[in-house]
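Enquirer: Dropping a structure here in structure tokens format, bear with me for questions.
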Amino acid sequence: MSSVKELVESKCLSSVPSNYICLENPEDSILNYETDNIPTIDFSQLTSSNPSVRSKAIKQLGDACRDWGFFMLINHGVSEILRDEVIRTSQGFFDLTEKEKMEHAGRNLFDPIRYGTSFNVTVDKTLFWRDYLKCHVHPHFNAPSKPPGFSQTLEEYITKGRELVEELLEGISLSLGLEENYIHKRMNVDLGSQLLVINCYPPCPNPELVMGLPAHTDHGLLTLLMQNELGGLQIQHNGKWIPVHPLPNSFLINTGDHMEILTNGKYKSVVHRAVANTKATRISVGTAHGPKLDTIVGPAPELVGDDNTASYRAIKYSDYIELQQNHELDGKSCLDRIRI
Ligand code: OGA
Ligand code: NI
């Protein structure tokens with residue numbers, strides 16, 4: 001199976017090979033998108049020593065999780081230099097020879113480092129216009145040794161990402177009327193799983209015929225995403241697809257399936273997808289932050305009651321990941337598989 005990058009570079013590609021042609025035209029469904037943008041959360045307010053500023057930010061955070069499941073995080077303190085370096089070295093990884101990258105062509109979901117293409121080539125009916133590198137970076141850090149500096153840059157970046165997410169999880173716990181460290185303790189966040197996913201979407205001659213990454217939701221509690229200057233992410237909101245245009249230097253954060261399970265549906269995991277473009281290679285860097293892999297996640301007892309019975313069955317986090325990754329992405333959330 002060749003990578004999309006190799007396909008694009010090996011031929012002067014003037015049209016899309018038939019095995020990439022997606023029957024659902026991504027442009028059809030965005031005809032009537034809304035003009036309003038996703039909410040913005042100011043991280044410096046969330047960590048303010050002024051209690052009234054902080055509690056206002058926590059309320060905004062809760063509203064964003066409940067009404068959108070997606071928001072931009074600004075004033076987060078992660079330097080632009082570090083972010084640019086992550087994008088630059090990620091591009092450097094995909095620019096290695098196919099032979100060098102194939103050293104990481106893992107077969108198994110829980111391989112520490114896995115390079116590949118599409119979503120899961122053993123189940124995909126059509127191929128997707130993306131190559132990826134996935135590294136399990138917490139509780140054990142793993143990253144390729146090439147290109148030079150890549151691993152060190154990633155380690156610094158994912159540590160910063162964890163700090164942001166831990167703070168967000170405290171704010172989210174409070175927004176739910178729970179103790180500040182509720183999610184922390186219940187989800188074993190100290191030993192929580194952090195999966196780094198770097199997506200590479202090479203330019204495509206007919207982006208309207210392919211999908212970069214088809215509609216899906218993310219497993220885990222929160223995903224933190226940044227991208228190079230090219231857009232392509234779309235989220236589903238009130239039944240419509242909305243293209244996301246993040247503010248410069250912001251992070252995109254979305255609630256994942258395990259936040260939906262834990263909150264018994266109060267905070268929803270939002271369906272999203274990525275489309276290709278003609279111009280240049282788009283790189284996006286996501287980190288999915290979840291519970292410790294062997295944690296059994298079900299709705300929090302504090303959030304269920306007689307008038308709000310549990311809507312999801314409890315399942316071990318690692319089993320859920322397998323459930324998601326071993327099925328074709330068919331536009332529906334994997335949550336449907338565990339709904340009661
Ligand atoms: C993902 C994802 C979106 C993007 O990797 O799960 O949704 O914009 N990526 O690349
Ligand atoms: Ni995603």
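Just so we're on the same page: first chain in the structure tokens is A, next is B, and so on; residues restart at 1 for each chain, and ligands are numbered from 1 in the order they show up.
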What residues of the protein or nucleic acid chains come within 10 Å of ligand 1 when you use only C-alpha atoms and all ligand atoms? Reply as a PDB file with N, CA, C and O atoms, in the first residue's frame.
Expert:
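Final output, saved to part32.pdb:
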ATOM      1  N   PHE A 119      -7.371   5.219   6.799  1.00  0.00           N
ATOM      2  CA  PHE A 119      -7.761   5.104   8.216  1.00  0.00           C
ATOM      3  C   PHE A 119      -7.293   3.752   8.735  1.00  0.00           C
ATOM      4  O   PHE A 119      -6.363   3.660   9.528  1.00  0.00           O
ATOM      5  N   ARG A 130      -5.051  10.722   3.129  1.00  0.00           N
ATOM      6  CA  ARG A 130      -4.178  11.172   4.221  1.00  0.00           C
ATOM      7  C   ARG A 130      -3.170  10.081   4.574  1.00  0.00           C
ATOM      8  O   ARG A 130      -3.463   8.889   4.500  1.00  0.00           O
ATOM      9  N   TYR A 132      -0.457   9.172   7.890  1.00  0.00           N
ATOM     10  CA  TYR A 132      -0.412   9.540   9.304  1.00  0.00           C
ATOM     11  C   TYR A 132       0.774   8.932  10.030  1.00  0.00           C
ATOM     12  O   TYR A 132       1.355   7.932   9.589  1.00  0.00           O
ATOM     13  N   LYS A 134       1.270   7.917  14.118  1.00  0.00           N
ATOM     14  CA  LYS A 134       0.657   7.899  15.449  1.00  0.00           C
ATOM     15  C   LYS A 134       1.697   7.414  16.462  1.00  0.00           C
ATOM     16  O   LYS A 134       2.363   6.409  16.220  1.00  0.00           O
ATOM     17  N   LEU A 196      -0.545  10.780  20.107  1.00  0.00           N
ATOM     18  CA  LEU A 196      -0.232  11.852  19.157  1.00  0.00           C
ATOM     19  C   LEU A 196      -0.550  11.348  17.749  1.00  0.00           C
ATOM     20  O   LEU A 196      -0.106  10.265  17.366  1.00  0.00           O
ATOM     21  N   VAL A 197      -1.325  12.124  17.019  1.00  0.00           N
ATOM     22  CA  VAL A 197      -1.669  11.748  15.635  1.00  0.00           C
ATOM     23  C   VAL A 197      -1.272  12.901  14.730  1.00  0.00           C
ATOM     24  O   VAL A 197      -1.789  14.008  14.868  1.00  0.00           O
ATOM     25  N   ILE A 198      -0.330  12.646  13.854  1.00  0.00           N
ATOM     26  CA  ILE A 198       0.063  13.686  12.903  1.00  0.00           C
ATOM     27  C   ILE A 198      -0.474  13.283  11.536  1.00  0.00           C
ATOM     28  O   ILE A 198      -0.189  12.185  11.044  1.00  0.00           O
ATOM     29  N   ASN A 199      -1.316  14.145  10.990  1.00  0.00           N
ATOM     30  CA  ASN A 199      -1.940  13.863   9.701  1.00  0.00           C
ATOM     31  C   ASN A 199      -1.259  14.668   8.611  1.00  0.00           C
ATOM     32  O   ASN A 199      -0.954  15.845   8.796  1.00  0.00           O
ATOM     33  N   CYS A 200      -1.056  14.019   7.479  1.00  0.00           N
ATOM     34  CA  CYS A 200      -0.468  14.688   6.316  1.00  0.00           C
ATOM     35  C   CYS A 200      -1.450  14.516   5.158  1.00  0.00           C
ATOM     36  O   CYS A 200      -1.760  13.387   4.769  1.00  0.00           O
ATOM     37  N   TYR A 201      -1.980  15.633   4.679  1.00  0.00           N
ATOM     38  CA  TYR A 201      -2.930  15.593   3.564  1.00  0.00           C
ATOM     39  C   TYR A 201      -2.270  16.245   2.354  1.00  0.00           C
ATOM     40  O   TYR A 201      -2.282  17.480   2.230  1.00  0.00           O
ATOM     41  N   GLY A 212     -10.316  13.442   3.132  1.00  0.00           N
ATOM     42  CA  GLY A 212      -9.057  13.362   3.866  1.00  0.00           C
ATOM     43  C   GLY A 212      -9.229  12.389   5.017  1.00  0.00           C
ATOM     44  O   GLY A 212      -8.549  11.366   5.116  1.00  0.00           O
ATOM     45  N   LEU A 213     -10.180  12.707   5.838  1.00  0.00           N
ATOM     46  CA  LEU A 213     -10.556  11.826   6.948  1.00  0.00           C
ATOM     47  C   LEU A 213     -12.076  11.912   7.033  1.00  0.00           C
ATOM     48  O   LEU A 213     -12.619  13.002   7.164  1.00  0.00           O
ATOM     49  N   PRO A 214     -12.764  10.771   6.909  1.00  0.00           N
ATOM     50  CA  PRO A 214     -14.232  10.844   6.869  1.00  0.00           C
ATOM     51  C   PRO A 214     -14.821  11.151   8.244  1.00  0.00           C
ATOM     52  O   PRO A 214     -14.103  11.150   9.246  1.00  0.00           O
ATOM     53  N   ALA A 215     -16.114  11.399   8.257  1.00  0.00           N
ATOM     54  CA  ALA A 215     -16.804  11.780   9.487  1.00  0.00           C
ATOM     55  C   ALA A 215     -16.573  10.755  10.598  1.00  0.00           C
ATOM     56  O   ALA A 215     -16.710   9.554  10.394  1.00  0.00           O
ATOM     57  N   HIS A 216     -16.207  11.264  11.759  1.00  0.00           N
ATOM     58  CA  HIS A 216     -15.944  10.397  12.913  1.00  0.00           C
ATOM     59  C   HIS A 216     -16.002  11.241  14.182  1.00  0.00           C
ATOM     60  O   HIS A 216     -16.026  12.471  14.116  1.00  0.00           O
ATOM     61  N   THR A 217     -15.988  10.578  15.311  1.00  0.00           N
ATOM     62  CA  THR A 217     -15.740  11.275  16.573  1.00  0.00           C
ATOM     63  C   THR A 217     -14.439  10.711  17.129  1.00  0.00           C
ATOM     64  O   THR A 217     -13.984   9.645  16.713  1.00  0.00           O
ATOM     65  N   ASP A 218     -13.836  11.433  18.060  1.00  0.00           N
ATOM     66  CA  ASP A 218     -12.558  10.972  18.630  1.00  0.00           C
ATOM     67  C   ASP A 218     -12.808  10.194  19.912  1.00  0.00           C
ATOM     68  O   ASP A 218     -13.670  10.572  20.714  1.00  0.00           O
ATOM     69  N   HIS A 219     -12.040   9.144  20.117  1.00  0.00           N
ATOM     70  CA  HIS A 219     -12.093   8.502  21.430  1.00  0.00           C
ATOM     71  C   HIS A 219     -11.328   9.364  22.427  1.00  0.00           C
ATOM     72  O   HIS A 219     -10.573  10.259  22.045  1.00  0.00           O
ATOM     73  N   THR A 223      -9.429  16.215  22.784  1.00  0.00           N
ATOM     74  CA  THR A 223      -8.404  16.244  21.738  1.00  0.00           C
ATOM     75  C   THR A 223      -7.964  17.680  21.546  1.00  0.00           C
ATOM     76  O   THR A 223      -8.791  18.599  21.538  1.00  0.00           O
ATOM     77  N   LEU A 224      -6.658  17.849  21.407  1.00  0.00           N
ATOM     78  CA  LEU A 224      -6.067  19.169  21.187  1.00  0.00           C
ATOM     79  C   LEU A 224      -5.469  19.134  19.784  1.00  0.00           C
ATOM     80  O   LEU A 224      -4.709  18.219  19.467  1.00  0.00           O
ATOM     81  N   LEU A 225      -5.840  20.082  18.947  1.00  0.00           N
ATOM     82  CA  LEU A 225      -5.413  20.019  17.545  1.00  0.00           C
ATOM     83  C   LEU A 225      -4.833  21.350  17.072  1.00  0.00           C
ATOM     84  O   LEU A 225      -5.344  22.406  17.432  1.00  0.00           O
ATOM     85  N   MET A 226      -3.773  21.271  16.305  1.00  0.00           N
ATOM     86  CA  MET A 226      -3.314  22.473  15.591  1.00  0.00           C
ATOM     87  C   MET A 226      -2.955  22.056  14.173  1.00  0.00           C
ATOM     88  O   MET A 226      -2.821  20.875  13.867  1.00  0.00           O
ATOM     89  N   GLN A 227      -2.799  23.023  13.296  1.00  0.00           N
ATOM     90  CA  GLN A 227      -2.581  22.726  11.884  1.00  0.00           C
ATOM     91  C   GLN A 227      -1.651  23.761  11.281  1.00  0.00           C
ATOM     92  O   GLN A 227      -1.415  24.801  11.880  1.00  0.00           O
ATOM     93  N   ASN A 228      -1.123  23.471  10.098  1.00  0.00           N
ATOM     94  CA  ASN A 228      -0.383  24.521   9.408  1.00  0.00           C
ATOM     95  C   ASN A 228      -1.394  25.503   8.807  1.00  0.00           C
ATOM     96  O   ASN A 228      -2.580  25.458   9.146  1.00  0.00           O
ATOM     97  N   LEU A 230      -3.117  25.771   6.312  1.00  0.00           N
ATOM     98  CA  LEU A 230      -4.229  25.345   5.452  1.00  0.00           C
ATOM     99  C   LEU A 230      -5.389  24.786   6.265  1.00  0.00           C
ATOM    100  O   LEU A 230      -5.188  24.006   7.192  1.00  0.00           O
ATOM    101  N   GLY A 231      -6.591  25.197   5.906  1.00  0.00           N
ATOM    102  CA  GLY A 231      -7.786  24.680   6.571  1.00  0.00           C
ATOM    103  C   GLY A 231      -8.232  23.374   5.948  1.00  0.00           C
ATOM    104  O   GLY A 231      -7.666  22.897   4.963  1.00  0.00           O
ATOM    105  N   GLY A 232      -9.252  22.781   6.502  1.00  0.00           N
ATOM    106  CA  GLY A 232      -9.775  21.518   5.967  1.00  0.00           C
ATOM    107  C   GLY A 232     -10.682  20.810   6.956  1.00  0.00           C
ATOM    108  O   GLY A 232     -11.436  19.913   6.594  1.00  0.00           O
ATOM    109  N   LEU A 233     -10.616  21.242   8.211  1.00  0.00           N
ATOM    110  CA  LEU A 233     -11.452  20.598   9.228  1.00  0.00           C
ATOM    111  C   LEU A 233     -12.877  21.139   9.147  1.00  0.00           C
ATOM    112  O   LEU A 233     -13.082  22.334   9.003  1.00  0.00           O
ATOM    113  N   GLN A 234     -13.824  20.240   9.249  1.00  0.00           N
ATOM    114  CA  GLN A 234     -15.239  20.644   9.295  1.00  0.00           C
ATOM    115  C   GLN A 234     -15.899  19.910  10.451  1.00  0.00           C
ATOM    116  O   GLN A 234     -15.612  18.736  10.691  1.00  0.00           O
ATOM    117  N   ILE A 235     -16.797  20.606  11.135  1.00  0.00           N
ATOM    118  CA  ILE A 235     -17.512  19.944  12.218  1.00  0.00           C
ATOM    119  C   ILE A 235     -19.011  19.970  11.943  1.00  0.00           C
ATOM    120  O   ILE A 235     -19.516  20.850  11.246  1.00  0.00           O
ATOM    121  N   VAL A 244     -14.055  24.978   9.843  1.00  0.00           N
ATOM    122  CA  VAL A 244     -13.477  25.650  11.013  1.00  0.00           C
ATOM    123  C   VAL A 244     -12.272  26.483  10.586  1.00  0.00           C
ATOM    124  O   VAL A 244     -11.385  26.000   9.885  1.00  0.00           O
ATOM    125  N   LEU A 252      -7.376  24.060  18.683  1.00  0.00           N
ATOM    126  CA  LEU A 252      -8.754  23.583  18.615  1.00  0.00           C
ATOM    127  C   LEU A 252      -8.877  22.458  19.619  1.00  0.00           C
ATOM    128  O   LEU A 252      -8.038  21.563  19.657  1.00  0.00           O
ATOM    129  N   ASN A 254     -11.575  19.568  21.214  1.00  0.00           N
ATOM    130  CA  ASN A 254     -12.905  18.972  21.166  1.00  0.00           C
ATOM    131  C   ASN A 254     -13.072  17.899  22.232  1.00  0.00           C
ATOM    132  O   ASN A 254     -12.114  17.270  22.652  1.00  0.00           O
ATOM    133  N   GLY A 256     -14.213  14.353  23.524  1.00  0.00           N
ATOM    134  CA  GLY A 256     -14.188  13.036  22.889  1.00  0.00           C
ATOM    135  C   GLY A 256     -15.291  12.130  23.427  1.00  0.00           C
ATOM    136  O   GLY A 256     -16.058  12.506  24.320  1.00  0.00           O
ATOM    137  N   VAL A 271     -19.180  15.006  15.716  1.00  0.00           N
ATOM    138  CA  VAL A 271     -18.732  14.404  14.458  1.00  0.00           C
ATOM    139  C   VAL A 271     -17.965  15.466  13.657  1.00  0.00           C
ATOM    140  O   VAL A 271     -18.410  16.599  13.528  1.00  0.00           O
ATOM    141  N   HIS A 272     -16.817  15.083  13.172  1.00  0.00           N
ATOM    142  CA  HIS A 272     -16.014  16.004  12.353  1.00  0.00           C
ATOM    143  C   HIS A 272     -15.281  15.222  11.273  1.00  0.00           C
ATOM    144  O   HIS A 272     -15.257  13.992  11.288  1.00  0.00           O
ATOM    145  N   ARG A 273     -14.701  15.934  10.306  1.00  0.00           N
ATOM    146  CA  ARG A 273     -13.997  15.302   9.194  1.00  0.00           C
ATOM    147  C   ARG A 273     -12.978  16.282   8.638  1.00  0.00           C
ATOM    148  O   ARG A 273     -12.981  17.468   8.991  1.00  0.00           O
ATOM    149  N   ALA A 274     -12.108  15.799   7.779  1.00  0.00           N
ATOM    150  CA  ALA A 274     -11.124  16.693   7.159  1.00  0.00           C
ATOM    151  C   ALA A 274     -11.180  16.499   5.648  1.00  0.00           C
ATOM    152  O   ALA A 274     -11.194  15.358   5.165  1.00  0.00           O
ATOM    153  N   VAL A 275     -11.244  17.604   4.919  1.00  0.00           N
ATOM    154  CA  VAL A 275     -11.273  17.527   3.456  1.00  0.00           C
ATOM    155  C   VAL A 275      -9.913  17.924   2.881  1.00  0.00           C
ATOM    156  O   VAL A 275      -9.127  18.614   3.528  1.00  0.00           O
ATOM    157  N   ALA A 276      -9.669  17.466   1.663  1.00  0.00           N
ATOM    158  CA  ALA A 276      -8.389  17.737   1.003  1.00  0.00           C
ATOM    159  C   ALA A 276      -8.460  19.063   0.257  1.00  0.00           C
ATOM    160  O   ALA A 276      -9.523  19.660   0.123  1.00  0.00           O
ATOM    161  N   ARG A 282      -1.346  19.812   3.669  1.00  0.00           N
ATOM    162  CA  ARG A 282      -1.837  20.266   4.968  1.00  0.00           C
ATOM    163  C   ARG A 282      -1.330  19.294   6.036  1.00  0.00           C
ATOM    164  O   ARG A 282      -1.403  18.083   5.862  1.00  0.00           O
ATOM    165  N   ILE A 283      -0.802  19.861   7.111  1.00  0.00           N
ATOM    166  CA  ILE A 283      -0.365  19.046   8.247  1.00  0.00           C
ATOM    167  C   ILE A 283      -1.234  19.412   9.431  1.00  0.00           C
ATOM    168  O   ILE A 283      -1.429  20.597   9.720  1.00  0.00           O
ATOM    169  N   SER A 284      -1.780  18.418  10.111  1.00  0.00           N
ATOM    170  CA  SER A 284      -2.456  18.707  11.377  1.00  0.00           C
ATOM    171  C   SER A 284      -1.869  17.794  12.445  1.00  0.00           C
ATOM    172  O   SER A 284      -1.463  16.660  12.158  1.00  0.00           O
ATOM    173  N   VAL A 285      -1.796  18.333  13.644  1.00  0.00           N
ATOM    174  CA  VAL A 285      -1.194  17.602  14.755  1.00  0.00           C
ATOM    175  C   VAL A 285      -2.208  17.540  15.882  1.00  0.00           C
ATOM    176  O   VAL A 285      -2.602  18.571  16.436  1.00  0.00           O
ATOM    177  N   GLY A 286      -2.671  16.346  16.186  1.00  0.00           N
ATOM    178  CA  GLY A 286      -3.669  16.181  17.242  1.00  0.00           C
ATOM    179  C   GLY A 286      -3.113  15.349  18.382  1.00  0.00           C
ATOM    180  O   GLY A 286      -2.277  14.466  18.158  1.00  0.00           O
ATOM    181  N   THR A 287      -3.549  15.643  19.588  1.00  0.00           N
ATOM    182  CA  THR A 287      -3.256  14.719  20.685  1.00  0.00           C
ATOM    183  C   THR A 287      -4.575  14.366  21.356  1.00  0.00           C
ATOM    184  O   THR A 287      -5.328  15.241  21.766  1.00  0.00           O
ATOM    185  N   ALA A 288      -4.828  13.068  21.415  1.00  0.00           N
ATOM    186  CA  ALA A 288      -6.038  12.573  22.070  1.00  0.00           C
ATOM    187  C   ALA A 288      -5.669  12.188  23.500  1.00  0.00           C
ATOM    188  O   ALA A 288      -4.808  11.340  23.720  1.00  0.00           O
TER     189      ALA A 288
END
Enquirer: Select from region 121-229 of chain A every residue with an atom at most 7 Å from any atom of region 84-99 of chain A, then for each give the shortest pair of atoms and their distance in Å to one decimal, using only C-alpha atoms, rows by chain and rising number, as a Markdown table.
Expert:
| residue | atom | partner | partner_atom | distance |
| --- | --- | --- | --- | --- |
| A:Lys146 | CA | A:Phe93 | CA | 6.7 |
| A:Pro147 | CA | A:Phe93 | CA | 5.8 |
| A:Phe150 | CA | A:Thr89 | CA | 5.4 |
| A:Thr153 | CA | A:Val86 | CA | 6.2 |
| A:Leu154 | CA | A:Val86 | CA | 6.5 |
| A:Asn228 | CA | A:Ile87 | CA | 6.7 |
Enquirer: Find the residue from A:Gly298, A:Pro248, A:Gly239, A:Gly220 that sits nearest to ligand 2; use only C-alpha atoms and all ligand atoms when measuring.
Expert: A:Gly220
Enquirer: Write out as a list of chain:residue names the residues lying within 8 Å of region 169-184 of chain A, counting only C-alpha atoms and excluding same-chain residues fewer than 6 positions away.
Expert: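 Using only C-alpha atoms, the neighbours found are A:Leu46, A:Ile58, A:Lys59, A:Leu61, A:Gly62, A:Asp190.
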Enquirer: Between A:Phe70, A:Glu103, A:Leu109, A:Ile21, which one has atoms that come closest to ligand 2, using only C-alpha atoms and all ligand atoms?
Expert: A:Phe70
Enquirer: Ranking A:Phe128, A:Tyr312, A:Tyr20, A:Tyr115 by minimum distance to Arg339 (chain A) and counting only C-alpha atoms, which one comes first?
Expert: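 Comparing A:Phe128, A:Tyr312, A:Tyr20, A:Tyr115 against Arg339 (chain A), the winner is A:Tyr312.
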Enquirer: To one decimal in Å, tell me the separation between CA of Thr278 (chain A) and CA of Pro207 (chain A).
Expert: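 Value for the CA of Thr278 (chain A)-CA of Pro207 (chain A) distance: 6.5 Å.
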Enquirer: Could you pull out the residues in region 127-307 of chain A that DSSP calls helix (DSSP H, G or I) from the backbone, as an mmCIF file with N, CA and C atoms, in the first residue's frame?
Expert:
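What ended up in out_31.cif:
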data_model
loop_
_atom_site.group_PDB
_atom_site.id
_atom_site.type_symbol
_atom_site.label_atom_id
_atom_site.label_comp_id
_atom_site.auth_asym_id
_atom_site.auth_seq_id
_atom_site.Cartn_x
_atom_site.Cartn_y
_atom_site.Cartn_z
ATOM 1 N N PHE A 150 13.230 15.911 15.970
ATOM 2 C CA PHE A 150 11.782 15.638 15.961
ATOM 3 C C PHE A 150 11.308 15.160 17.332
ATOM 4 N N SER A 151 11.985 14.143 17.837
ATOM 5 C CA SER A 151 11.561 13.518 19.087
ATOM 6 C C SER A 151 11.603 14.510 20.260
ATOM 7 N N GLN A 152 12.686 15.297 20.348
ATOM 8 C CA GLN A 152 12.812 16.276 21.434
ATOM 9 C C GLN A 152 11.720 17.336 21.342
ATOM 10 N N THR A 153 11.470 17.781 20.109
ATOM 11 C CA THR A 153 10.425 18.797 19.910
ATOM 12 C C THR A 153 9.068 18.241 20.329
ATOM 13 N N LEU A 154 8.793 17.017 19.919
ATOM 14 C CA LEU A 154 7.497 16.417 20.268
ATOM 15 C C LEU A 154 7.363 16.238 21.773
ATOM 16 N N GLU A 155 8.443 15.840 22.412
ATOM 17 C CA GLU A 155 8.358 15.590 23.854
ATOM 18 C C GLU A 155 8.016 16.880 24.604
ATOM 19 N N GLU A 156 8.665 17.955 24.172
ATOM 20 C CA GLU A 156 8.372 19.238 24.808
ATOM 21 C C GLU A 156 6.912 19.638 24.551
ATOM 22 N N TYR A 157 6.492 19.423 23.323
ATOM 23 C CA TYR A 157 5.139 19.829 22.928
ATOM 24 C C TYR A 157 4.059 19.021 23.658
ATOM 25 N N ILE A 158 4.227 17.723 23.734
ATOM 26 C CA ILE A 158 3.162 16.907 24.345
ATOM 27 C C ILE A 158 3.099 17.136 25.868
ATOM 28 N N THR A 159 4.225 17.534 26.446
ATOM 29 C CA THR A 159 4.213 17.853 27.880
ATOM 30 C C THR A 159 3.405 19.123 28.120
ATOM 31 N N LYS A 160 3.613 20.112 27.260
ATOM 32 C CA LYS A 160 2.831 21.353 27.354
ATOM 33 C C LYS A 160 1.344 21.051 27.139
ATOM 34 N N GLY A 161 1.071 20.196 26.180
ATOM 35 C CA GLY A 161 -0.315 19.820 25.881
ATOM 36 C C GLY A 161 -0.984 19.167 27.085
ATOM 37 N N ARG A 162 -0.250 18.323 27.774
ATOM 38 C CA ARG A 162 -0.817 17.670 28.966
ATOM 39 C C ARG A 162 -1.179 18.697 30.030
ATOM 40 N N GLU A 163 -0.295 19.679 30.202
ATOM 41 C CA GLU A 163 -0.573 20.704 31.220
ATOM 42 C C GLU A 163 -1.869 21.447 30.900
ATOM 43 N N LEU A 164 -2.041 21.779 29.628
ATOM 44 C CA LEU A 164 -3.271 22.477 29.227
ATOM 45 C C LEU A 164 -4.489 21.596 29.493
ATOM 46 N N VAL A 165 -4.374 20.342 29.072
ATOM 47 C CA VAL A 165 -5.530 19.442 29.199
ATOM 48 C C VAL A 165 -5.868 19.200 30.669
ATOM 49 N N GLU A 166 -4.862 19.063 31.510
ATOM 50 C CA GLU A 166 -5.154 18.829 32.933
ATOM 51 C C GLU A 166 -5.924 20.006 33.528
ATOM 52 N N GLU A 167 -5.526 21.184 33.136
ATOM 53 C CA GLU A 167 -6.230 22.379 33.612
ATOM 54 C C GLU A 167 -7.663 22.423 33.062
ATOM 55 N N LEU A 168 -7.806 22.084 31.796
ATOM 56 C CA LEU A 168 -9.153 22.074 31.192
ATOM 57 C C LEU A 168 -10.041 21.035 31.881
ATOM 58 N N LEU A 169 -9.462 19.889 32.213
ATOM 59 C CA LEU A 169 -10.277 18.842 32.857
ATOM 60 C C LEU A 169 -10.735 19.289 34.244
ATOM 61 N N GLU A 170 -9.903 20.080 34.918
ATOM 62 C CA GLU A 170 -10.334 20.614 36.218
ATOM 63 C C GLU A 170 -11.500 21.575 36.027
ATOM 64 N N GLY A 171 -11.362 22.443 35.033
ATOM 65 C CA GLY A 171 -12.443 23.390 34.740
ATOM 66 C C GLY A 171 -13.723 22.655 34.352
ATOM 67 N N ILE A 172 -13.575 21.604 33.564
ATOM 68 C CA ILE A 172 -14.756 20.846 33.126
ATOM 69 C C ILE A 172 -15.409 20.147 34.324
ATOM 70 N N SER A 173 -14.598 19.563 35.209
ATOM 71 C CA SER A 173 -15.160 18.930 36.412
ATOM 72 C C SER A 173 -15.999 19.945 37.182
ATOM 73 N N LEU A 174 -15.424 21.137 37.394
ATOM 74 C CA LEU A 174 -16.147 22.174 38.139
ATOM 75 C C LEU A 174 -17.418 22.595 37.404
ATOM 76 N N SER A 175 -17.323 22.688 36.088
ATOM 77 C CA SER A 175 -18.501 23.125 35.313
ATOM 78 C C SER A 175 -19.647 22.127 35.433
ATOM 79 N N TYR A 182 -12.163 15.632 40.078
ATOM 80 C CA TYR A 182 -13.037 14.464 39.882
ATOM 81 C C TYR A 182 -12.611 13.627 38.669
ATOM 82 N N ILE A 183 -12.497 14.276 37.508
ATOM 83 C CA ILE A 183 -12.163 13.525 36.282
ATOM 84 C C ILE A 183 -10.765 12.928 36.414
ATOM 85 N N HIS A 184 -9.886 13.722 36.990
ATOM 86 C CA HIS A 184 -8.529 13.266 37.238
ATOM 87 C C HIS A 184 -8.473 11.933 37.944
ATOM 88 N N LYS A 185 -9.180 11.889 39.065
ATOM 89 C CA LYS A 185 -9.123 10.683 39.908
ATOM 90 C C LYS A 185 -9.853 9.530 39.229
ATOM 91 N N ARG A 186 -11.040 9.824 38.757
ATOM 92 C CA ARG A 186 -11.876 8.753 38.223
ATOM 93 C C ARG A 186 -11.295 8.152 36.939
ATOM 94 N N VAL A 189 -6.008 10.051 35.266
ATOM 95 C CA VAL A 189 -5.370 10.919 34.275
ATOM 96 C C VAL A 189 -3.840 10.979 34.452
ATOM 97 N N ASP A 190 -3.375 10.799 35.687
ATOM 98 C CA ASP A 190 -1.912 10.820 35.891
ATOM 99 C C ASP A 190 -1.211 9.768 35.033
ATOM 100 N N LEU A 191 -1.891 8.638 34.856
ATOM 101 C CA LEU A 191 -1.333 7.578 34.005
ATOM 102 C C LEU A 191 -2.128 7.472 32.707
ATOM 103 N N PRO A 207 -10.145 17.546 -5.069
ATOM 104 C CA PRO A 207 -10.492 17.345 -3.653
ATOM 105 C C PRO A 207 -11.964 17.030 -3.429
ATOM 106 N N GLU A 208 -12.827 17.451 -4.361
ATOM 107 C CA GLU A 208 -14.267 17.198 -4.158
ATOM 108 C C GLU A 208 -14.604 15.712 -4.324
ATOM 109 N N LEU A 209 -13.668 14.920 -4.847
ATOM 110 C CA LEU A 209 -13.954 13.491 -5.055
ATOM 111 C C LEU A 209 -13.442 12.605 -3.927
ATOM 112 N N ASP A 257 -15.341 10.934 22.867
ATOM 113 C CA ASP A 257 -16.400 9.972 23.228
ATOM 114 C C ASP A 257 -16.445 9.695 24.730
ATOM 115 N N HIS A 258 -15.274 9.652 25.375
ATOM 116 C CA HIS A 258 -15.278 9.286 26.792
ATOM 117 C C HIS A 258 -15.750 10.421 27.687
ATOM 118 N N MET A 259 -15.691 11.639 27.172
ATOM 119 C CA MET A 259 -16.313 12.754 27.897
ATOM 120 C C MET A 259 -17.831 12.622 27.776
ATOM 121 N N GLU A 260 -18.288 12.227 26.602
ATOM 122 C CA GLU A 260 -19.732 12.020 26.430
ATOM 123 C C GLU A 260 -20.225 10.878 27.331
ATOM 124 N N ILE A 261 -19.471 9.790 27.376
ATOM 125 C CA ILE A 261 -19.877 8.652 28.211
ATOM 126 C C ILE A 261 -19.898 9.081 29.678
ATOM 127 N N LEU A 262 -18.795 9.682 30.120
ATOM 128 C CA LEU A 262 -18.662 10.060 31.530
ATOM 129 C C LEU A 262 -19.761 11.028 31.965
ATOM 130 N N PRO A 301 -21.679 8.226 38.323
ATOM 131 C CA PRO A 301 -22.884 8.032 39.141
ATOM 132 C C PRO A 301 -23.495 9.356 39.594
ATOM 133 N N GLU A 302 -22.636 10.363 39.799
ATOM 134 C CA GLU A 302 -23.130 11.684 40.229
ATOM 135 C C GLU A 302 -23.990 12.347 39.162
ATOM 136 N N LEU A 303 -23.848 11.895 37.913
ATOM 137 C CA LEU A 303 -24.558 12.574 36.818
ATOM 138 C C LEU A 303 -25.721 11.752 36.269
#
Enquirer: How would you write, as a ChimeraX atom specification, the set of residues in region 78-244 of chain A that DSSP gives as strand (DSSP E or B)?
Expert: /A:113-117,131-138,194-201,213-216,222-227,233-237,240-243
Enquirer: Name the closest residue to ligand 2 among the candidates A:Leu195, A:Leu82, A:Leu247, A:Leu323; distances are taken between atoms, counting only C-alpha atoms and all ligand atoms.
Expert: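 That would be A:Leu195, the residue with the smallest distance to ligand 2.
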